[in-house]
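This is coords-v4.pdb. It holds PDB, C-alpha atoms.
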```pdb
ATOM      1  CA  MET A1279      18.627  16.004   0.040
ATOM      2  CA  LEU A1280      15.676  13.803   1.025
ATOM      3  CA  ARG A1281      16.014  11.763  -2.156
ATOM      4  CA  GLY A1282      19.645  11.099  -1.329
ATOM      5  CA  PHE A1283      18.717  10.050   2.200
ATOM      6  CA  TYR A1284      16.105   7.669   0.812
ATOM      7  CA  LEU A1285      18.616   6.064  -1.536
ATOM      8  CA  LEU A1286      21.009   5.729   1.389
ATOM      9  CA  LEU A1287      18.316   3.894   3.348
ATOM     10  CA  LEU A1288      17.751   1.491   0.467
ATOM     11  CA  PHE A1289      21.496   0.905   0.210
ATOM     12  CA  TYR A1290      21.691   0.189   3.929
ATOM     13  CA  PHE A1291      18.726  -2.160   4.179
ATOM     14  CA  GLY A1292      19.064  -3.656   0.709
ATOM     15  CA  LEU A1293      16.545  -4.285  -2.005
ATOM     16  CA  PRO A1294      14.686  -7.603  -1.892
ATOM     17  CA  SER A1295      16.406 -10.550  -3.512
ATOM     18  CA  GLU A1296      15.284 -14.081  -4.289
ATOM     19  CA  ASN A1297      16.579 -15.178  -0.895
ATOM     20  CA  ASP A1298      14.516 -12.517   0.875
ATOM     21  CA  THR A1299      11.237 -13.789  -0.561
ATOM     22  CA  ILE A1300       9.220 -16.197   1.570
ATOM     23  CA  ALA A1301       7.220 -18.655  -0.508
ATOM     24  CA  GLY A1302       3.475 -18.215  -0.175
ATOM     25  CA  MET A1303       3.712 -15.093   1.967
ATOM     26  CA  VAL A1304       1.453 -12.093   1.414
ATOM     27  CA  SER A1305       2.906  -8.674   2.265
ATOM     28  CA  VAL A1306       0.391  -5.890   2.919
ATOM     29  CA  ILE A1307       1.911  -2.395   2.659
ATOM     30  CA  VAL A1308       0.068   0.461   4.370
ATOM     31  CA  PRO A1309       1.333   4.061   4.132
ATOM     32  CA  ALA A1310      -0.046   6.192   6.961
ATOM     33  CA  ARG A1311       0.157   9.890   7.727
ATOM     34  CA  ASP A1312      -1.733  11.429  10.661
ATOM     35  CA  GLU A1313      -4.115   8.461  10.841
ATOM     36  CA  GLU A1314      -4.252   7.971  14.623
ATOM     37  CA  ASP A1315      -8.068   8.042  14.676
ATOM     38  CA  VAL A1316      -8.577   5.178  12.222
ATOM     39  CA  LEU A1317      -5.562   2.912  12.671
ATOM     40  CA  GLN A1318      -7.012   0.758  15.434
ATOM     41  CA  ALA A1319     -10.168   0.134  13.409
ATOM     42  CA  PHE A1320      -8.069  -0.627  10.320
ATOM     43  CA  TYR A1321      -5.881  -3.039  12.298
ATOM     44  CA  ASP A1322      -8.888  -4.831  13.822
ATOM     45  CA  GLU A1323     -10.611  -5.156  10.446
ATOM     46  CA  THR A1324      -7.443  -6.400   8.745
ATOM     47  CA  MET A1325      -6.763  -8.985  11.419
ATOM     48  CA  LYS A1326     -10.349 -10.170  11.085
ATOM     49  CA  TYR A1327      -9.839 -11.192   7.449
ATOM     50  CA  LEU A1328      -6.156 -11.445   6.530
ATOM     51  CA  PRO A1329      -5.134 -14.474   8.663
ATOM     52  CA  SER A1330      -7.845 -16.616   7.087
ATOM     53  CA  ALA A1331      -7.018 -15.391   3.572
ATOM     54  CA  ALA A1332      -3.247 -16.026   3.771
ATOM     55  CA  LYS A1333      -1.402 -18.675   5.772
ATOM     56  CA  GLU A1334       1.799 -16.617   5.770
ATOM     57  CA  TYR A1335       1.519 -12.850   5.919
ATOM     58  CA  GLU A1336       3.054  -9.618   7.143
ATOM     59  CA  VAL A1337       1.652  -6.113   7.417
ATOM     60  CA  ILE A1338       4.165  -3.333   6.764
ATOM     61  CA  PHE A1339       3.127   0.092   8.026
ATOM     62  CA  ILE A1340       5.048   3.118   6.777
ATOM     63  CA  ASP A1341       4.590   6.187   8.984
ATOM     64  CA  ASP A1342       5.062   9.057   6.544
ATOM     65  CA  GLY A1343       6.244  11.768   8.931
ATOM     66  CA  SER A1344       3.055  11.939  11.002
ATOM     67  CA  LYS A1345       2.664  14.787  13.491
ATOM     68  CA  ASP A1346       0.025  13.079  15.615
ATOM     69  CA  GLU A1347       0.185   9.791  17.556
ATOM     70  CA  THR A1348       0.237   7.555  14.473
ATOM     71  CA  LEU A1349       3.692   6.134  15.213
ATOM     72  CA  ASN A1350       2.832   5.307  18.832
ATOM     73  CA  VAL A1351      -0.338   3.529  17.721
ATOM     74  CA  LEU A1352       1.681   1.510  15.216
ATOM     75  CA  ARG A1353       4.226   0.613  17.884
ATOM     76  CA  SER A1354       1.426  -0.752  20.038
ATOM     77  CA  PHE A1355       0.601  -3.211  17.239
ATOM     78  CA  LEU A1356       4.188  -4.492  17.321
ATOM     79  CA  GLN A1357       3.780  -5.524  20.919
ATOM     80  CA  LYS A1358       0.845  -7.820  20.253
ATOM     81  CA  ASN A1359       1.400  -9.174  16.748
ATOM     82  CA  LYS A1360       4.598 -10.699  15.367
ATOM     83  CA  HIS A1361       3.305 -10.236  11.807
ATOM     84  CA  ILE A1362       3.452  -6.441  12.043
ATOM     85  CA  ARG A1363       6.441  -4.409  10.831
ATOM     86  CA  VAL A1364       6.733  -0.644  11.230
ATOM     87  CA  PHE A1365       8.997   1.877   9.511
ATOM     88  CA  SER A1366       8.920   5.626  10.040
ATOM     89  CA  PHE A1367      10.096   8.672   8.095
ATOM     90  CA  LYS A1368      11.158  11.653  10.190
ATOM     91  CA  ARG A1369       9.622  13.973   7.593
ATOM     92  CA  ASN A1370       6.716  13.641   5.216
ATOM     93  CA  ARG A1371       8.119  12.265   1.970
ATOM     94  CA  GLY A1372       4.928  11.391   0.154
ATOM     95  CA  LYS A1373       3.032   8.253  -0.739
ATOM     96  CA  ALA A1374       5.325   7.288  -3.599
ATOM     97  CA  ASP A1375       8.391   7.085  -1.343
ATOM     98  CA  ALA A1376       6.397   5.255   1.333
ATOM     99  CA  LEU A1377       5.260   2.635  -1.177
ATOM    100  CA  ALA A1378       8.711   2.308  -2.733
ATOM    101  CA  TYR A1379      10.270   1.714   0.666
ATOM    102  CA  GLY A1380       7.550  -0.776   1.545
ATOM    103  CA  PHE A1381       8.237  -2.641  -1.705
ATOM    104  CA  SER A1382      11.939  -2.780  -0.823
ATOM    105  CA  GLN A1383      11.182  -4.373   2.553
ATOM    106  CA  ALA A1384       8.403  -6.774   1.538
ATOM    107  CA  ARG A1385       9.227 -10.470   1.901
ATOM    108  CA  GLY A1386       6.082 -11.866   0.321
ATOM    109  CA  GLU A1387       5.617 -13.378  -3.119
ATOM    110  CA  ILE A1388       2.420 -11.354  -3.294
ATOM    111  CA  ILE A1389       2.237  -7.674  -2.355
ATOM    112  CA  ILE A1390      -0.963  -5.813  -1.523
ATOM    113  CA  THR A1391      -1.087  -2.048  -1.034
ATOM    114  CA  MET A1392      -3.845  -0.408   0.981
ATOM    115  CA  ASP A1393      -4.707   2.971   2.460
ATOM    116  CA  ALA A1394      -5.380   3.122   6.196
ATOM    117  CA  ASP A1395      -8.593   5.164   6.016
ATOM    118  CA  LEU A1396     -10.802   2.060   5.568
ATOM    119  CA  GLN A1397     -12.031   3.082   2.129
ATOM    120  CA  ASP A1398     -10.043  -0.002   1.117
ATOM    121  CA  LYS A1399     -11.923  -2.897   2.691
ATOM    122  CA  PRO A1400      -9.794  -5.689   4.224
ATOM    123  CA  SER A1401     -12.765  -7.996   3.676
ATOM    124  CA  GLN A1402     -11.931  -7.862  -0.050
ATOM    125  CA  ILE A1403      -8.372  -9.178   0.318
ATOM    126  CA  LYS A1404      -9.451 -12.752  -0.356
ATOM    127  CA  LYS A1405     -11.098 -11.686  -3.636
ATOM    128  CA  PHE A1406      -7.834 -10.072  -4.726
ATOM    129  CA  LEU A1407      -5.938 -13.251  -3.896
ATOM    130  CA  ASN A1408      -8.470 -15.343  -5.807
ATOM    131  CA  LYS A1409      -7.907 -13.161  -8.885
ATOM    132  CA  HIS A1410      -4.184 -13.792  -8.513
ATOM    133  CA  LYS A1411      -4.830 -17.537  -8.359
ATOM    134  CA  GLU A1412      -6.729 -17.191 -11.629
ATOM    135  CA  GLY A1413      -3.541 -15.850 -13.205
ATOM    136  CA  ALA A1414      -3.497 -12.084 -12.600
ATOM    137  CA  ASP A1415      -0.116 -10.492 -11.805
ATOM    138  CA  VAL A1416      -1.757  -7.148 -10.954
ATOM    139  CA  VAL A1417      -5.217  -6.541  -9.477
ATOM    140  CA  CYS A1418      -6.656  -3.029  -9.089
ATOM    141  CA  GLY A1419      -9.371  -2.029  -6.643
ATOM    142  CA  TRP A1420     -12.327   0.285  -7.193
ATOM    143  CA  ARG A1421     -13.673   2.687  -4.566
ATOM    144  CA  LYS A1422     -17.221   2.334  -5.836
ATOM    145  CA  ASP A1423     -18.784   4.129  -2.878
ATOM    146  CA  ARG A1424     -16.151   6.761  -2.113
ATOM    147  CA  LYS A1425     -16.446   8.773   1.102
ATOM    148  CA  ASP A1426     -14.616  11.801  -0.286
ATOM    149  CA  LYS A1427     -15.904  15.279  -1.074
ATOM    150  CA  GLN A1428     -17.933  15.483  -4.276
ATOM    151  CA  LYS A1429     -15.279  17.722  -5.840
ATOM    152  CA  MET A1430     -12.619  15.019  -5.401
ATOM    153  CA  ILE A1431     -14.913  12.355  -6.826
ATOM    154  CA  VAL A1432     -15.573  14.445  -9.957
ATOM    155  CA  ILE A1433     -11.853  15.167 -10.413
ATOM    156  CA  SER A1434     -11.081  11.452 -10.045
ATOM    157  CA  ARG A1435     -13.656  10.496 -12.675
ATOM    158  CA  ILE A1436     -12.230  13.027 -15.123
ATOM    159  CA  PHE A1437      -8.706  11.756 -14.390
ATOM    160  CA  ASN A1438      -9.719   8.139 -14.999
ATOM    161  CA  TYR A1439     -11.501   9.080 -18.225
ATOM    162  CA  LEU A1440      -8.464  10.956 -19.562
ATOM    163  CA  ILE A1441      -6.072   8.140 -18.632
ATOM    164  CA  GLY A1442      -8.292   5.666 -20.447
ATOM    165  CA  LEU A1443      -8.546   7.962 -23.453
ATOM    166  CA  VAL A1444      -4.797   8.629 -23.718
ATOM    167  CA  PHE A1445      -3.323   5.281 -22.687
ATOM    168  CA  GLY A1446      -6.160   2.876 -23.438
ATOM    169  CA  LEU A1447      -6.174   1.660 -19.836
ATOM    170  CA  LYS A1448      -9.735   0.700 -18.956
ATOM    171  CA  LEU A1449     -10.015   0.925 -15.179
ATOM    172  CA  HIS A1450     -12.731   2.394 -12.985
ATOM    173  CA  ASP A1451     -10.332   3.844 -10.409
ATOM    174  CA  ILE A1452      -6.649   3.904 -11.341
ATOM    175  CA  ASP A1453      -5.902   6.140  -8.321
ATOM    176  CA  CYS A1454      -7.251   3.553  -5.863
ATOM    177  CA  GLY A1455      -4.559   2.563  -3.377
ATOM    178  CA  PHE A1456      -5.919  -0.980  -3.042
ATOM    179  CA  LYS A1457      -3.843  -3.099  -5.424
ATOM    180  CA  LEU A1458      -2.188  -6.505  -5.645
ATOM    181  CA  PHE A1459       1.163  -7.181  -7.319
ATOM    182  CA  THR A1460       3.358 -10.207  -7.674
ATOM    183  CA  LYS A1461       6.900  -9.624  -6.410
ATOM    184  CA  GLU A1462       8.162 -10.193  -9.946
ATOM    185  CA  SER A1463       5.898  -7.494 -11.394
ATOM    186  CA  ILE A1464       7.404  -4.747  -9.193
ATOM    187  CA  GLN A1465      11.080  -5.700  -9.458
ATOM    188  CA  ASN A1466      11.851  -2.991 -12.004
ATOM    189  CA  LEU A1467       9.190  -0.522 -10.873
ATOM    190  CA  THR A1468      10.389   2.998 -10.055
ATOM    191  CA  ILE A1469       7.889   5.424  -8.517
ATOM    192  CA  TYR A1470       8.292   8.932  -7.174
ATOM    193  CA  GLY A1471       6.221  12.075  -6.833
ATOM    194  CA  GLY A1472       2.713  11.366  -8.074
ATOM    195  CA  LEU A1473       3.642   8.436 -10.302
ATOM    196  CA  TYR A1474       2.079   5.902  -7.929
ATOM    197  CA  ARG A1475      -1.249   7.021  -9.421
ATOM    198  CA  PHE A1476      -0.253   5.517 -12.768
ATOM    199  CA  ILE A1477       0.440   2.011 -11.476
ATOM    200  CA  PRO A1478      -0.141  -0.428 -13.174
ATOM    201  CA  TYR A1479       0.452   1.478 -16.436
TER
END
```
Give the structure from the file, written as structure tokens.
Amino acid sequence: MLRGFYLLLLFYFGLPSENDTIAGMVSVIVPARDEEDVLQAFYDETMKYLPSAAKEYEVIFIDDGSKDETLNVLRSFLQKNKHIRVFSFKRNRGKADALAYGFSQARGEIIITMDADLQDKPSQIKKFLNKHKEGADVVCGWRKDRKDKQKMIVISRIFNYLIGLVFGLKLHDIDCGFKLFTKESIQNLTIYGGLYRFIPY
């Protein structure tokens, strides 16, 4: 039922086409669920660094069915910044659907995904863009100093080791939400469930 509703949304709004892409623009996609306590700090930090890193930019927030004041906080950003765009799901549909919908709405030639909990540092955006200028179509972040519970850190390390062993993908932190993609590199990308963890494989 929810999957059908999601496909209906994509049909209504339309997938991005060549005409939808704005040359030189950077689109930052931020899924958020029950993040009312950190969103203002994330917004302030992002606005401190993003405008100087990209001449043309937009920040797309996807409220993933939050039960707190996340959506109202996001709406307050709309009132003071023309570069902000906000979409909201009535129910929690998961990070994969939030990212997929953000991809469908992004107008930038370059797309950056970030989590809103500030483990992804907006101060690093320029480094990601510099890697793109060097020729990279995909850039993956690394939460070197994670602020998660030790159990989650151990599980993540095992996961990364197994992915490297099975697929030969040598990354420190494949599950990191901080990534850069060119618009071209995601045109045929389909993600659902937990598959967002395997990007860029």
Checklist line | Residue with smallest distance to Gln1383 of chain A - pool A:Gln1318, A:Thr1460, A:Gln1357, A:Thr1299, counting only C-alpha atoms | finding: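 Under the stated criterion, the closest residue is A:Thr1299.
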Note to self: Under the PyMOL selection byres ((chain A and resi 1302-1310) around 8), which residues of this model are included? Write them out as an NGL selection string.
What the structure shows: :A and (1300-1301 or 1311-1313 or 1332-1342 or 1344 or 1348 or 1373 or 1376-1377 or 1380-1381 or 1384-1394)
Check: In Å, how far is it from atom CA of Val1417 of chain A to atom CA of Pro1329 of chain A?
Finding: 19.8 Å
Margin query: Distance cut-off 7 Å, centre (-5.7, -3.6, -7.9) in file coordinates, counting all atoms listed in the file: which residues qualify? Return them as a list in words.
Written below: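 I get Val1416, Val1417, Cys1418, Gly1419, Phe1456, Lys1457 and Leu1458 of chain A for the residues within 7 Å of that point.
Pairwise distance (atom CA of Tyr1327 of chain A, atom CA of Pro1400 of chain A) equals 6.4 Å.
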Notebook entry, point to check: What separation in Å, quoted to one decimal, exists between atom CA of Lys1368 of chain A and atom CA of Lys1399 of chain A?
Noted result: 28.3 Å
Check: With only C-alpha atoms as the basis for distance, which of A:Ala1319, A:Gly1343, A:Glu1412, A:Asp1398 is at the shortest distance from Asn1370 of chain A?
Finding: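 Closest to Asn1370 of chain A of all the choices is A:Gly1343.
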Notebook entry, point to check: For Met1325 of chain A, which residue among A:His1361, A:Lys1461, A:His1410, A:Lys1345 is the nearest when counting all atoms listed in the file?
Noted result: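 Using all atoms listed in the file, Met1325 of chain A sits closest to A:His1361.
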